[in-house]
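Single-structure report; data block below.
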Amino acid sequence: MEVDMERRKALRSGAGLGLLGLLASVGLIGPESALAESQKNAFEARTMNDALDALGEALPEDTAAILLTAPDVAENGAVVPVTVESSLARTEQISILVDKNPTMLVSSFAIPEGTEGYLSTRIKMAQTATVIALVKANGKFYRVSREVKVTAGGC
Amino acid sequence: MSAPTKMRATVKDGVTEVRVLMQHEMENGRRKDEAGNIIPAWFITEIKAQHNGRTVLEGRFGTSVSKNPYLIFRYRGGAPGDRITLTWLDNRGDTRSDEVTIS
């Protein structure tokens, strides 16, 4: 718990990333401490499993019912256009993740009844990585992923 | 002081499409300035869009959303003249709300 508090402080200051990496490498901070109970903490997750867990589902189902549009090659990693279109009935939540960014979760949207399962946005990518759209529909989680090659990282 | 969010909303076949361009630096807290000091994280953490007081979209952002966040979303309902409000909150506690009329 104490370790976790320190971690939070370090995160808040934004200056603790190098130190955290060091601590993690000598085993003072186990990967499990990144696990958190609320969705808010999903934004601090540094591994895909942690991010998915914090969002509520470690093993989402792959599906063809979600269309993820992103460029094959992004010249500028600071601005990568991404569009998610879910044709799943009662889409409740859409999250966008990038597996090689310092923090995996980019953004997460709650889709109320009456709003379509469609979102278009622009994200930052540190390097060539897999972009994942995680969709919660009717209480179940689904995902679709796509690799985007990044020429100049922009995180 | 924050700059106004640019928005455009159109309705077609009963579906309203909203395009949003928020004005925000979205600093991720990992970049350094010329002197080598870390630039503190400064980014939008939450957004909410409402149509005549009804929430049509809610979002949470991390630090990997691009500078000047851009969004397109669609919802059923809406008529020309209706008002859409977009509110954001950043990690410094700043907030701003802007409105657009559906054309």
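Labels used: A, B, ... for chains in the order of the structure tokens, numbers from 1 for residues in each chain, and numbers from 1 for ligands as shown.
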*Can you list every residue in chain B that DSSP puts in strand (DSSP E or B), as a ChimeraX atom specification?*
/B:6-12,15-21,27,32,38,42,44-51,54-61,65,70-76,83-90,95-101
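Within the 8 Å cut-off around Leu52 (chain A), using only C-alpha atoms and omitting residues fewer than 6 positions from it on the same chain, the listed residues are A:Ala42, A:Ala58, A:Leu59.
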*asked:* Please identify all residues of chain B having at least one atom at most 9 Å from any atom of chain A, considering only C-alpha atoms, and return them as a PyMOL selection string.
replied: chain B and resi 15+28-31+38-41+55-67+69-77
*Measure the distance from CA of Asp72 (chain A) to CA of Lys149 (chain A) in Å and round it to one decimal.*
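Atom-to-atom, CA of Asp72 (chain A) to CA of Lys149 (chain A), that is 6.1 Å.
The coordinates place CA of His51 (chain B) at 13.7 Å from CA of Arg19 (chain B).
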*If you count only C-alpha atoms, which residues fall within 9 Å of Thr5 (chain B), apart from same-chain ones fewer than 3 positions away, as number ranges by chain?*
B: 2, 20-23, 86-87, 96-99
*What is the distance between CA of Leu88 (chain A) and CA of Arg146 (chain A), in Å to one decimal?*
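CA of Arg146 (chain A) lies at a distance of 18.7 Å from CA of Leu88 (chain A).
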